[in-house]
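Below is query_33.csv, holding CSV, C-alpha atoms and all ligand atoms.
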chain,number,residue,atom,x,y,z
E,1,LEU,CA,25.5,-46.5,-16.8
E,2,LYS,CA,23.1,-49.1,-18.3
E,3,ASN,CA,21.6,-49.7,-14.8
E,4,ASN,CA,21.3,-46.0,-14.2
E,5,LEU,CA,19.4,-45.5,-17.5
E,6,LEU,CA,17.1,-48.4,-16.7
E,7,ASN,CA,16.5,-47.1,-13.2
E,8,PHE,CA,15.7,-43.7,-14.5
E,9,SER,CA,13.4,-45.0,-17.2
E,10,ASN,CA,11.5,-47.4,-14.9
E,11,THR,CA,11.1,-44.7,-12.2
E,12,ILE,CA,9.8,-42.1,-14.7
E,13,ASN,CA,7.3,-44.5,-16.3
E,14,ASN,CA,6.1,-45.7,-12.9
E,15,TRP,CA,5.7,-42.1,-11.8
E,16,TYR,CA,3.7,-41.4,-15.0
E,17,SER,CA,1.3,-44.2,-14.5
E,18,LYS,CA,0.4,-42.8,-11.0
E,19,ASN,CA,0.5,-39.1,-11.7
E,20,LYS,CA,-0.6,-38.5,-15.3
E,21,ARG,CA,-3.3,-36.0,-16.0
E,22,ASP,CA,-6.4,-37.1,-17.9
E,23,LEU,CA,-6.0,-35.0,-21.1
E,24,PRO,CA,-8.4,-35.6,-23.9
E,25,TRP,CA,-5.7,-36.0,-26.6
E,26,ARG,CA,-4.2,-38.9,-24.6
E,27,GLU,CA,-7.4,-40.9,-25.1
E,28,THR,CA,-6.9,-41.2,-28.9
E,29,THR,CA,-4.4,-42.6,-31.4
E,30,ASP,CA,-6.0,-40.5,-34.2
E,31,PRO,CA,-2.9,-38.7,-35.6
E,32,TYR,CA,-5.0,-35.8,-36.8
E,33,ILE,CA,-6.3,-35.1,-33.3
E,34,ILE,CA,-2.9,-35.6,-31.7
E,35,TRP,CA,-1.4,-33.2,-34.3
E,36,LEU,CA,-4.1,-30.6,-33.4
E,37,SER,CA,-3.2,-30.9,-29.7
E,38,GLU,CA,0.6,-30.8,-30.3
E,39,ILE,CA,0.4,-27.6,-32.5
E,40,ILE,CA,-1.9,-25.9,-29.9
E,41,LEU,CA,0.5,-26.9,-27.1
E,42,GLN,CA,3.7,-25.8,-29.0
E,43,GLN,CA,4.0,-22.5,-27.1
E,44,THR,CA,1.0,-22.7,-24.8
E,45,ARG,CA,0.4,-24.2,-21.4
E,46,VAL,CA,-2.1,-27.1,-21.1
E,47,GLU,CA,-4.6,-25.0,-19.1
E,48,GLN,CA,-4.7,-22.3,-21.7
E,49,GLY,CA,-4.7,-24.7,-24.7
E,50,MET,CA,-7.5,-26.9,-23.5
E,51,ALA,CA,-10.4,-24.6,-24.5
E,52,TYR,CA,-8.8,-24.2,-28.0
E,53,PHE,CA,-8.3,-27.9,-28.3
E,54,HIS,CA,-12.0,-28.5,-27.7
E,55,LYS,CA,-13.0,-25.7,-30.0
E,56,PHE,CA,-10.9,-27.0,-32.9
E,57,SER,CA,-11.6,-30.7,-32.4
E,58,ASN,CA,-15.4,-30.0,-32.3
E,59,LYS,CA,-15.5,-27.5,-35.1
E,60,TYR,CA,-13.0,-29.3,-37.3
E,61,PRO,CA,-13.4,-33.0,-36.4
E,62,THR,CA,-11.6,-34.1,-39.6
E,63,ILE,CA,-8.8,-33.0,-41.7
E,64,GLU,CA,-11.2,-32.2,-44.6
E,65,SER,CA,-13.3,-29.9,-42.4
E,66,LEU,CA,-10.2,-27.9,-41.4
E,67,ALA,CA,-8.9,-27.8,-44.9
E,68,SER,CA,-12.1,-26.3,-46.2
E,69,ALA,CA,-12.1,-23.4,-43.7
E,70,SER,CA,-10.9,-19.9,-44.7
E,71,GLU,CA,-7.7,-18.4,-43.3
E,72,ASP,CA,-9.7,-15.6,-41.7
E,73,GLU,CA,-11.9,-18.1,-40.0
E,74,VAL,CA,-9.1,-20.2,-38.6
E,75,LEU,CA,-7.2,-17.1,-37.4
E,76,LYS,CA,-10.4,-15.9,-35.7
E,77,ASP,CA,-10.8,-19.3,-33.9
E,78,TRP,CA,-7.1,-19.0,-32.9
E,79,GLU,CA,-7.5,-15.5,-31.5
E,80,GLY,CA,-5.9,-15.1,-28.1
E,81,LEU,CA,-3.6,-18.0,-28.4
E,82,GLY,CA,-0.6,-16.1,-29.9
E,83,TYR,CA,2.0,-17.4,-32.4
E,84,TYR,CA,-0.5,-17.2,-35.2
E,85,SER,CA,1.9,-18.7,-37.7
E,86,ARG,CA,0.8,-22.0,-36.1
E,87,ALA,CA,-2.7,-21.6,-37.2
E,88,ARG,CA,-1.7,-20.6,-40.8
E,89,ASN,CA,0.7,-23.5,-41.1
E,90,MET,CA,-1.9,-25.9,-39.7
E,91,LEU,CA,-4.4,-24.8,-42.3
E,92,SER,CA,-1.9,-25.2,-45.2
E,93,ALA,CA,-0.8,-28.6,-43.9
E,94,ALA,CA,-4.5,-29.7,-43.7
E,95,GLN,CA,-5.0,-28.5,-47.3
E,96,PHE,CA,-1.8,-30.3,-48.4
E,97,ILE,CA,-3.0,-33.6,-46.8
E,98,THR,CA,-6.4,-33.3,-48.4
E,99,ARG,CA,-5.0,-32.4,-51.8
E,100,GLU,CA,-1.8,-34.4,-52.1
E,101,LEU,CA,-2.3,-37.3,-49.7
E,102,ASN,CA,-5.9,-38.2,-50.3
E,103,GLY,CA,-6.9,-36.9,-46.9
E,104,LYS,CA,-4.8,-39.5,-45.2
E,105,PHE,CA,-2.6,-38.2,-42.3
E,106,PRO,CA,1.0,-39.4,-42.9
E,107,ASN,CA,1.8,-42.4,-40.7
E,108,ASN,CA,5.6,-42.1,-40.0
E,109,TYR,CA,8.1,-39.6,-38.6
E,110,THR,CA,9.8,-38.7,-41.9
E,111,ALA,CA,6.5,-38.0,-43.7
E,112,ILE,CA,5.0,-36.1,-40.7
E,113,LEU,CA,8.1,-33.9,-40.5
E,114,LYS,CA,7.4,-32.6,-44.0
E,115,LEU,CA,4.2,-31.0,-42.9
E,116,LYS,CA,4.3,-27.2,-42.6
E,117,GLY,CA,4.8,-26.1,-39.0
E,118,VAL,CA,6.0,-29.5,-37.8
E,119,GLY,CA,9.5,-29.7,-36.4
E,120,THR,CA,11.4,-32.7,-35.1
E,121,TYR,CA,9.8,-32.5,-31.7
E,122,THR,CA,6.2,-32.5,-32.9
E,123,ALA,CA,7.0,-35.2,-35.5
E,124,ALA,CA,8.4,-37.4,-32.8
E,125,ALA,CA,5.5,-36.8,-30.5
E,126,ILE,CA,2.9,-37.6,-33.2
E,127,SER,CA,4.7,-40.6,-34.7
E,128,SER,CA,5.3,-42.1,-31.2
E,129,PHE,CA,1.8,-41.4,-29.8
E,130,ALA,CA,-0.2,-42.4,-32.9
E,131,PHE,CA,2.1,-45.1,-34.4
E,132,ASN,CA,4.4,-46.1,-31.5
E,133,GLU,CA,7.4,-45.2,-33.6
E,134,GLU,CA,10.7,-45.2,-31.7
E,135,LYS,CA,11.4,-41.5,-31.9
E,136,ALA,CA,12.4,-39.6,-28.8
E,137,VAL,CA,10.9,-36.2,-28.1
E,138,VAL,CA,13.4,-33.6,-27.0
E,139,ASP,CA,12.1,-30.2,-25.9
E,140,GLY,CA,12.7,-27.8,-23.1
E,141,ASN,CA,11.1,-30.2,-20.6
E,142,VAL,CA,13.2,-33.2,-21.7
E,143,TYR,CA,16.4,-31.1,-21.7
E,144,ARG,CA,15.7,-30.0,-18.2
E,145,VAL,CA,15.0,-33.4,-16.8
E,146,LEU,CA,18.0,-35.1,-18.4
E,147,SER,CA,20.4,-32.3,-17.7
E,148,ARG,CA,19.5,-32.3,-14.0
E,149,TYR,CA,19.2,-36.0,-13.4
E,150,PHE,CA,22.3,-36.9,-15.2
E,151,GLY,CA,24.2,-33.7,-14.3
E,152,ILE,CA,24.9,-32.7,-17.9
E,153,ALA,CA,26.3,-29.1,-18.1
E,154,THR,CA,26.7,-29.0,-21.9
E,155,PRO,CA,24.6,-26.0,-23.1
E,156,ILE,CA,21.3,-27.2,-24.5
E,157,ASP,CA,21.4,-24.6,-27.3
E,158,SER,CA,24.8,-25.6,-28.5
E,159,THR,CA,25.3,-28.1,-31.4
E,160,LYS,CA,27.3,-30.4,-29.1
E,161,GLY,CA,24.6,-30.2,-26.4
E,162,LYS,CA,21.8,-31.0,-28.9
E,163,LYS,CA,23.7,-34.1,-30.1
E,164,GLU,CA,24.5,-35.3,-26.6
E,165,PHE,CA,20.9,-34.9,-25.3
E,166,GLN,CA,19.5,-36.5,-28.4
E,167,LEU,CA,21.8,-39.5,-28.1
E,168,LEU,CA,20.8,-40.0,-24.5
E,169,ALA,CA,17.1,-39.6,-25.3
E,170,ASP,CA,17.4,-42.1,-28.1
E,171,GLU,CA,18.9,-44.7,-25.8
E,172,LEU,CA,16.2,-44.2,-23.2
E,173,ILE,CA,13.3,-44.6,-25.6
E,174,GLN,CA,14.5,-48.1,-26.4
E,175,LEU,CA,13.8,-49.2,-22.9
E,176,GLN,CA,10.0,-48.7,-22.9
E,177,LYS,CA,7.0,-48.5,-25.1
E,178,PRO,CA,7.8,-45.3,-27.1
E,179,SER,CA,4.4,-43.6,-26.7
E,180,VAL,CA,4.4,-44.1,-23.0
E,181,HIS,CA,8.0,-43.1,-22.5
E,182,ASN,CA,7.7,-39.9,-24.4
E,183,GLN,CA,4.5,-38.9,-22.6
E,184,ALA,CA,6.1,-39.7,-19.3
E,185,MET,CA,9.2,-37.6,-20.0
E,186,MET,CA,7.0,-34.6,-21.1
E,187,GLU,CA,4.7,-34.9,-18.1
E,188,PHE,CA,7.5,-35.3,-15.6
E,189,GLY,CA,9.2,-32.2,-16.9
E,190,ALA,CA,5.9,-30.3,-16.9
E,191,MET,CA,4.7,-31.4,-13.4
E,192,GLN,CA,7.6,-32.6,-11.3
E,193,CYS,CA,10.9,-31.3,-12.5
E,194,THR,CA,9.6,-27.8,-13.3
E,195,PRO,CA,11.8,-24.8,-14.4
E,196,LYS,CA,11.4,-23.0,-11.1
E,197,LYS,CA,10.6,-24.6,-7.8
E,198,ALA,CA,11.2,-28.2,-9.0
E,199,ASN,CA,9.4,-30.6,-6.7
E,200,CYS,CA,12.5,-32.4,-5.5
E,201,ASP,CA,11.3,-33.2,-2.0
E,202,ASP,CA,8.9,-35.8,-3.1
E,203,CYS,CA,10.7,-36.8,-6.3
E,204,PRO,CA,11.2,-40.5,-6.8
E,205,LEU,CA,14.5,-39.8,-8.5
E,206,LYS,CA,16.1,-37.6,-5.8
E,207,ILE,CA,18.5,-40.2,-4.4
E,208,SER,CA,20.3,-40.7,-7.7
E,209,CYS,CA,19.6,-37.2,-9.2
E,210,VAL,CA,23.0,-35.5,-9.7
E,211,ALA,CA,21.5,-32.0,-9.6
E,212,PHE,CA,19.7,-32.6,-6.4
E,213,GLN,CA,22.6,-34.3,-4.7
E,214,ASN,CA,25.0,-31.5,-5.6
E,215,ASP,CA,22.7,-28.5,-5.2
E,216,LEU,CA,22.6,-27.7,-8.9
E,217,VAL,CA,18.9,-27.8,-9.6
E,218,GLN,CA,18.6,-24.1,-10.1
E,219,SER,CA,21.7,-23.9,-12.3
E,220,LEU,CA,20.9,-26.7,-14.7
E,221,PRO,CA,20.2,-26.8,-17.6
E,222,ILE,CA,22.7,-24.3,-19.1
E,223,LYS,CA,22.0,-22.1,-22.0
E,224,GLU,CA,24.7,-20.4,-24.0
E,225,LYS,CA,22.9,-17.5,-25.5
E,226,LYS,CA,20.2,-15.3,-24.2
E,227,THR,CA,17.3,-14.6,-26.5
E,228,LYS,CA,17.7,-11.1,-27.9
E,229,GLN,CA,14.5,-9.0,-27.6
E,230,SER,CA,14.0,-5.9,-29.7
E,231,LYS,CA,11.7,-3.1,-28.5
E,232,ARG,CA,9.1,-1.6,-30.7
E,233,TYR,CA,6.8,1.3,-30.0
E,234,PHE,CA,3.2,1.3,-31.5
E,235,THR,CA,0.5,3.9,-31.3
E,236,TYR,CA,-2.8,2.5,-32.4
E,237,ILE,CA,-5.5,4.9,-33.5
E,238,ILE,CA,-9.0,3.8,-33.0
E,239,VAL,CA,-10.9,6.1,-35.4
E,240,SER,CA,-14.6,5.9,-35.5
E,241,ASP,CA,-17.8,7.8,-36.4
E,242,ALA,CA,-21.2,6.9,-35.0
E,243,GLN,CA,-21.5,3.6,-36.6
E,244,HIS,CA,-18.2,2.6,-38.2
E,245,LEU,CA,-14.5,2.2,-37.4
E,246,ILE,CA,-11.3,1.6,-39.4
E,247,ILE,CA,-9.2,-1.5,-39.3
E,248,GLN,CA,-6.4,-2.8,-41.6
E,249,LYS,CA,-4.9,-6.1,-42.4
E,250,ARG,CA,-1.3,-6.8,-41.3
E,251,ALA,CA,1.2,-7.9,-43.9
E,252,GLU,CA,1.9,-11.5,-44.7
E,253,LYS,CA,5.3,-11.5,-43.0
E,254,GLY,CA,6.3,-10.5,-39.5
E,255,ILE,CA,4.4,-10.6,-36.2
E,256,TRP,CA,0.6,-11.1,-36.3
E,257,ALA,CA,0.8,-11.8,-40.1
E,258,ASN,CA,-2.6,-11.5,-41.9
E,259,MET,CA,-4.4,-10.5,-38.7
E,260,TYR,CA,-6.4,-7.3,-38.3
E,261,GLU,CA,-5.6,-4.2,-36.3
E,262,PHE,CA,-6.4,-0.5,-36.0
E,263,PRO,CA,-4.3,2.0,-38.0
E,264,LEU,CA,-0.9,2.0,-36.5
E,265,ILE,CA,2.0,4.5,-36.3
E,266,GLU,CA,5.3,2.9,-35.3
E,267,SER,CA,7.9,5.2,-33.8
E,268,GLU,CA,11.5,4.9,-32.5
E,269,ASN,CA,10.6,5.8,-29.0
E,270,LEU,CA,7.8,5.8,-26.6
E,271,THR,CA,5.4,8.6,-27.5
E,272,GLU,CA,4.5,10.8,-24.5
E,273,GLN,CA,0.9,11.3,-23.8
E,274,SER,CA,1.4,15.1,-23.7
E,275,GLN,CA,2.9,14.9,-27.2
E,276,LEU,CA,-0.2,13.1,-28.5
E,277,ILE,CA,-2.6,15.6,-26.9
E,278,ASN,CA,-0.8,18.8,-27.8
E,279,GLU,CA,0.2,18.1,-31.3
E,280,GLN,CA,-2.9,16.3,-32.2
E,281,LYS,CA,-0.5,15.1,-34.7
E,282,PHE,CA,-2.2,11.8,-35.4
E,283,ALA,CA,-5.6,13.2,-35.9
E,284,GLY,CA,-4.2,15.9,-38.1
E,285,SER,CA,-2.0,13.7,-40.2
E,286,LEU,CA,-5.0,11.5,-41.0
E,287,ASN,CA,-6.9,14.4,-42.5
E,288,LEU,CA,-9.9,13.5,-40.5
E,289,ASN,CA,-13.1,15.5,-40.6
E,290,ASN,CA,-13.5,17.4,-37.4
E,291,PRO,CA,-11.5,15.0,-35.2
E,292,LYS,CA,-12.1,14.8,-31.5
E,293,VAL,CA,-9.5,13.1,-29.5
E,294,GLY,CA,-11.0,11.0,-26.8
E,295,HIS,CA,-9.3,8.5,-24.5
E,296,ILE,CA,-5.5,8.1,-24.6
E,297,SER,CA,-4.3,5.0,-22.9
E,298,ASP,CA,-1.3,4.4,-20.8
E,299,THR,CA,1.4,2.2,-22.3
E,300,TYR,CA,0.7,-1.5,-22.6
E,301,LYS,CA,3.7,-3.8,-22.6
E,302,HIS,CA,3.2,-6.9,-24.6
E,303,ILE,CA,5.9,-9.6,-24.8
E,304,LEU,CA,6.5,-11.8,-27.8
E,305,SER,CA,9.3,-14.3,-28.2
E,306,HIS,CA,11.7,-11.9,-29.8
E,307,GLN,CA,10.1,-8.6,-29.4
E,308,GLN,CA,8.7,-6.4,-26.7
E,309,ILE,CA,5.9,-4.2,-27.9
E,310,PHE,CA,5.1,-0.9,-26.1
E,311,ALA,CA,1.7,0.2,-27.3
E,312,ARG,CA,-0.6,3.2,-26.7
E,313,PHE,CA,-4.1,3.5,-28.0
E,314,ILE,CA,-5.6,6.8,-28.9
E,315,GLU,CA,-9.4,7.0,-29.6
E,316,ILE,CA,-10.6,9.6,-32.1
E,317,ASN,CA,-14.1,10.4,-33.1
E,318,THR,CA,-15.0,12.0,-36.3
E,319,ASN,CA,-18.1,13.1,-38.2
E,320,LYS,CA,-17.6,10.8,-41.2
E,321,LEU,CA,-14.9,8.3,-41.9
E,322,PHE,CA,-13.2,7.8,-45.2
E,323,LYS,CA,-10.3,5.6,-46.2
E,324,PHE,CA,-7.0,7.4,-45.6
E,325,ASN,CA,-4.9,4.8,-47.3
E,326,ASP,CA,-5.3,1.7,-49.4
E,327,LYS,CA,-4.9,-0.7,-46.5
E,328,CYS,CA,-7.9,0.7,-44.6
E,329,LEU,CA,-11.2,-1.1,-44.3
E,330,ILE,CA,-14.2,0.8,-43.0
E,331,ILE,CA,-16.4,-1.6,-41.1
E,332,LYS,CA,-19.5,-1.4,-39.0
E,333,LYS,CA,-18.7,-1.5,-35.3
E,334,GLU,CA,-20.7,-4.7,-34.9
E,335,GLU,CA,-18.6,-6.5,-37.5
E,336,LEU,CA,-15.3,-6.1,-35.6
E,337,HIS,CA,-15.8,-9.3,-33.6
E,338,GLN,CA,-15.6,-11.3,-36.9
E,339,PHE,CA,-12.0,-10.3,-37.4
E,340,ALA,CA,-9.0,-12.0,-35.8
E,341,LEU,CA,-7.2,-9.4,-33.7
E,342,PRO,CA,-3.9,-9.7,-31.8
E,343,LYS,CA,-4.2,-10.4,-28.1
E,344,LEU,CA,-2.8,-7.0,-27.3
E,345,LEU,CA,-5.8,-5.3,-29.0
E,346,VAL,CA,-8.3,-7.7,-27.4
E,347,ASN,CA,-6.8,-6.9,-24.0
E,348,TYR,CA,-7.2,-3.2,-24.6
E,349,LEU,CA,-10.8,-3.4,-25.8
E,350,SER,CA,-11.8,-5.6,-23.0
E,351,GLU,CA,-10.5,-3.1,-20.4
E,352,ARG,CA,-12.5,-0.2,-21.9
E,353,ASP,CA,-16.1,-0.2,-20.9
E,354,ASP,CA,-17.1,1.8,-23.9
E,355,LEU,CA,-15.4,-0.6,-26.3
E,356,LEU,CA,-15.9,-3.9,-24.7
E,357,SER,CA,-19.1,-4.7,-26.7
E,358,LEU,CA,-17.1,-4.5,-29.9
E,359,LEU,CA,-15.6,-7.9,-29.0
E,360,ASN,CA,-18.9,-9.6,-28.8
E,361,ASP,CA,-21.4,-10.9,-31.3
E,362,ASN,CA,-24.4,-8.6,-30.3
C,401,LIG,S1,15.2,-34.5,-7.8
C,401,LIG,FE1,14.5,-32.5,-8.4
C,401,LIG,S2,15.9,-32.0,-10.1
C,401,LIG,FE2,16.2,-34.2,-9.7
C,401,LIG,S3,14.8,-35.1,-11.2
C,401,LIG,FE3,13.7,-34.8,-9.3
C,401,LIG,S4,12.6,-32.9,-9.5
C,401,LIG,FE4,14.2,-32.9,-11.0
Can you present the structure in this file as structure tokens?
Ligand code: SF4
Amino acid sequence: LKNNLLNFSNTINNWYSKNKRDLPWRETTDPYIIWLSEIILQQTRVEQGMAYFHKFSNKYPTIESLASASEDEVLKDWEGLGYYSRARNMLSAAQFITRELNGKFPNNYTAILKLKGVGTYTAAAISSFAFNEEKAVVDGNVYRVLSRYFGIATPIDSTKGKKEFQLLADELIQLQKPSVHNQAMMEFGAMQCTPKKANCDDCPLKISCVAFQNDLVQSLPIKEKKTKQSKRYFTYIIVSDAQHLIIQKRAEKGIWANMYEFPLIESENLTEQSQLINEQKFAGSLNLNNPKVGHISDTYKHILSHQQIFARFIEINTNKLFKFNDKCLIIKKEELHQFALPKLLVNYLSERDDLLSLLNDN
């Protein structure tokens, strides 16, 4: 077994030195910059995260600069990236470091793990990349590579599986420089041993890879539970007069916390278009002054990690807007671009020629 581990580790590291992508956060050992990149990449592909990494590292080059930003501003900068709790946690971690740790980013795994929004994977990544601490990263990529190469069928989401994979990863990291080994494992999982269409034909490990040799590449790794997804049905009402429109802030808990959206009616089922037009129920229920129902959208499906959102948008014009509940904010149309909106709303606005300009700073 020892030889097999050594062979695996050498081959992966060799592969990495030849195939690694030049990524900006690989050129630094500044834990703050590495942390920024790791949080951005938590649920995001490198291609999508890159622009956000540049935006954040330029606008907030130090922990202090991030800590002094407002939550609205950080959420606005994060707009379009999804999983907004990452941005909120990042801001409160930066404030914590500035306030409690004298602005000095913690320099070891245990202390990094205490930061808001940082789990074992991210703490291992930061402590190994910035401080060469011997902490193995174990995430979806690593599970997949280990499970396939060593032919491990223990479910990766079971307690037993988590222990087994962690032990193996801990043994492997001792064989190389921790920072390089972790990067190599992550890169190999992302580029070579990918979830679908793994690149086995030109894989340097294929001769000794159990999954490849036994035609198990597609069936490994194994997951015990399927993620349950609940369905929710939203109707957004875009109410405007000549110069203004209405938005509201979402609650502190739940999806899109503290972001902004149009007034929303949530229902048990999909609302039929005919129902919206005939009943004019939304316009009526809002007590609007001479409402004119304009465009009613098709249904937009938006997938989050545990929820599927089915959303419709109904555009209503009225003579004069007034607040129909305490949550409402009446804003000028040209101010909308300053508010952080969920991606679903940005997608909708960008597809409507009449509304597209609302997203821009005119
Ligand atoms: S041979 Fe295929 S399954 Fe095995 S490690 Fe290489 S890419 Fe992954």
Near-stretch 315-328 of chain E list (8 Å; all atoms listed in the file; drop same-chain fewer than 3 positions) as a ChimeraX atom specification: /E:237-242,244-249,263,283,286-296
For the selection you just gave me, I'd like the residues written to a file as a JSON list (two decimals), in the frame of the given file, keeping C-alpha atoms.
[["chain", "number", "residue", "atom", "x", "y", "z"],
["E", 237, "ILE", "CA", -5.50, 4.90, -33.50],
["E", 238, "ILE", "CA", -9.00, 3.80, -33.00],
["E", 239, "VAL", "CA", -10.90, 6.10, -35.40],
["E", 240, "SER", "CA", -14.60, 5.90, -35.50],
["E", 241, "ASP", "CA", -17.80, 7.80, -36.40],
["E", 242, "ALA", "CA", -21.20, 6.90, -35.00],
["E", 244, "HIS", "CA", -18.20, 2.60, -38.20],
["E", 245, "LEU", "CA", -14.50, 2.20, -37.40],
["E", 246, "ILE", "CA", -11.30, 1.60, -39.40],
["E", 247, "ILE", "CA", -9.20, -1.50, -39.30],
["E", 248, "GLN", "CA", -6.40, -2.80, -41.60],
["E", 249, "LYS", "CA", -4.90, -6.10, -42.40],
["E", 263, "PRO", "CA", -4.30, 2.00, -38.00],
["E", 283, "ALA", "CA", -5.60, 13.20, -35.90],
["E", 286, "LEU", "CA", -5.00, 11.50, -41.00],
["E", 287, "ASN", "CA", -6.90, 14.40, -42.50],
["E", 288, "LEU", "CA", -9.90, 13.50, -40.50],
["E", 289, "ASN", "CA", -13.10, 15.50, -40.60],
["E", 290, "ASN", "CA", -13.50, 17.40, -37.40],
["E", 291, "PRO", "CA", -11.50, 15.00, -35.20],
["E", 292, "LYS", "CA", -12.10, 14.80, -31.50],
["E", 293, "VAL", "CA", -9.50, 13.10, -29.50],
["E", 294, "GLY", "CA", -11.00, 11.00, -26.80],
["E", 295, "HIS", "CA", -9.30, 8.50, -24.50],
["E", 296, "ILE", "CA", -5.50, 8.10, -24.60]]
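Residues in contact range of E:Glu171, defined as at most 9 Å between all atoms listed in the file, with sequence neighbours fewer than 5 positions away removed, read Leu5, Ala136 and Gln166 of chain E.
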Please identify every polymer residue within 10 Å of ligand LIG 401 (chain C), using all atoms listed in the file, and present the set as a ChimeraX atom specification. /E:8,12,144-151,188-189,191-195,197-213,215-218,220
What lies within 12 Å of E:Ile303 using all atoms listed in the file, ignoring chain neighbours under 6 positions off, as a ChimeraX atom specification? /E:82-83,229-232,255,309-311,343-344
By how many Å are atom CA of E:Lys196 and atom CA of E:Ser219 apart? 10.4 Å
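Counting from atom CA of E:Pro221, the distance to atom CA of E:Val138 is 13.4 Å.
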Show me, as number ranges by chain, the residues that have an atom within 8 Å of E:Ser350 when counting only C-alpha atoms, minus same-chain residues fewer than 5 positions from it. E: 355-356, 359
With all atoms listed in the file as the counted atoms, please give the residues lying no more than 12 Å from E:Asn89, apart from itself and same-chain residues fewer than 2 positions off, as a ChimeraX atom specification. /E:36,39-40,66-67,71,74-75,83-87,91-96,114-119,257
Deliver the residues from the most recent selection as a file, using C-alpha atoms, as an mmCIF file, in the coordinates of the input.
data_model
loop_
_atom_site.group_PDB
_atom_site.id
_atom_site.type_symbol
_atom_site.label_atom_id
_atom_site.label_comp_id
_atom_site.auth_asym_id
_atom_site.auth_seq_id
_atom_site.Cartn_x
_atom_site.Cartn_y
_atom_site.Cartn_z
ATOM 1 C CA LEU E 36 -4.100 -30.600 -33.400
ATOM 2 C CA ILE E 39 0.400 -27.600 -32.500
ATOM 3 C CA ILE E 40 -1.900 -25.900 -29.900
ATOM 4 C CA LEU E 66 -10.200 -27.900 -41.400
ATOM 5 C CA ALA E 67 -8.900 -27.800 -44.900
ATOM 6 C CA GLU E 71 -7.700 -18.400 -43.300
ATOM 7 C CA VAL E 74 -9.100 -20.200 -38.600
ATOM 8 C CA LEU E 75 -7.200 -17.100 -37.400
ATOM 9 C CA TYR E 83 2.000 -17.400 -32.400
ATOM 10 C CA TYR E 84 -0.500 -17.200 -35.200
ATOM 11 C CA SER E 85 1.900 -18.700 -37.700
ATOM 12 C CA ARG E 86 0.800 -22.000 -36.100
ATOM 13 C CA ALA E 87 -2.700 -21.600 -37.200
ATOM 14 C CA LEU E 91 -4.400 -24.800 -42.300
ATOM 15 C CA SER E 92 -1.900 -25.200 -45.200
ATOM 16 C CA ALA E 93 -0.800 -28.600 -43.900
ATOM 17 C CA ALA E 94 -4.500 -29.700 -43.700
ATOM 18 C CA GLN E 95 -5.000 -28.500 -47.300
ATOM 19 C CA PHE E 96 -1.800 -30.300 -48.400
ATOM 20 C CA LYS E 114 7.400 -32.600 -44.000
ATOM 21 C CA LEU E 115 4.200 -31.000 -42.900
ATOM 22 C CA LYS E 116 4.300 -27.200 -42.600
ATOM 23 C CA GLY E 117 4.800 -26.100 -39.000
ATOM 24 C CA VAL E 118 6.000 -29.500 -37.800
ATOM 25 C CA GLY E 119 9.500 -29.700 -36.400
ATOM 26 C CA ALA E 257 0.800 -11.800 -40.100
#
Please measure the separation of atom CA of E:Ala184 and atom CA of E:Tyr16, giving the value in Å to one decimal. 5.2 Å
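Between E:Thr154 and the residues E:Arg21, E:Lys223, E:Arg250, E:Lys332, the shortest atom-to-atom distance, using only C-alpha atoms, involves E:Lys223.
The nearest approach to E:Tyr236 among the residues E:Ile265, E:Leu270, E:Ile152, E:Leu113, with all atoms listed in the file taken into account, belongs to E:Ile265.
Within 9 Å of the point (2.4, -38.2, -22.7) in file coordinates, and counting only C-alpha atoms, lie the residues Tyr16, Lys20, Arg26, Ala125, Phe129, Ser179, Val180, His181, Asn182, Gln183, Ala184, Met185, Met186 and Glu187 of chain E.
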Save stretch 230-238 of chain E of the structure in the block above to a file, with N, CA and C atoms included, as a CSV table (one decimal), in the first residue's frame.
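Written out: part.csv:
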chain,number,residue,atom,x,y,z
E,230,SER,N,-36.8,21.5,-2.5
E,230,SER,CA,-38.2,21.9,-2.4
E,230,SER,C,-38.5,22.9,-3.5
E,231,LYS,N,-39.8,23.0,-3.9
E,231,LYS,CA,-40.2,23.9,-4.9
E,231,LYS,C,-40.9,25.1,-4.4
E,232,ARG,N,-40.6,26.2,-4.9
E,232,ARG,CA,-41.3,27.4,-4.4
E,232,ARG,C,-41.8,28.2,-5.6
E,233,TYR,N,-42.9,28.9,-5.5
E,233,TYR,CA,-43.5,29.6,-6.6
E,233,TYR,C,-43.6,31.1,-6.3
E,234,PHE,N,-42.9,31.9,-7.0
E,234,PHE,CA,-42.9,33.3,-6.7
E,234,PHE,C,-43.6,34.1,-7.9
E,235,THR,N,-44.3,35.1,-7.5
E,235,THR,CA,-44.8,36.1,-8.5
E,235,THR,C,-44.2,37.5,-8.1
E,236,TYR,N,-43.3,38.0,-8.9
E,236,TYR,CA,-42.8,39.3,-8.6
E,236,TYR,C,-43.6,40.4,-9.3
E,237,ILE,N,-43.9,41.4,-8.6
E,237,ILE,CA,-44.6,42.5,-9.2
E,237,ILE,C,-43.7,43.7,-9.3
E,238,ILE,N,-43.5,44.1,-10.6
E,238,ILE,CA,-42.7,45.3,-10.8
E,238,ILE,C,-43.6,46.5,-11.0
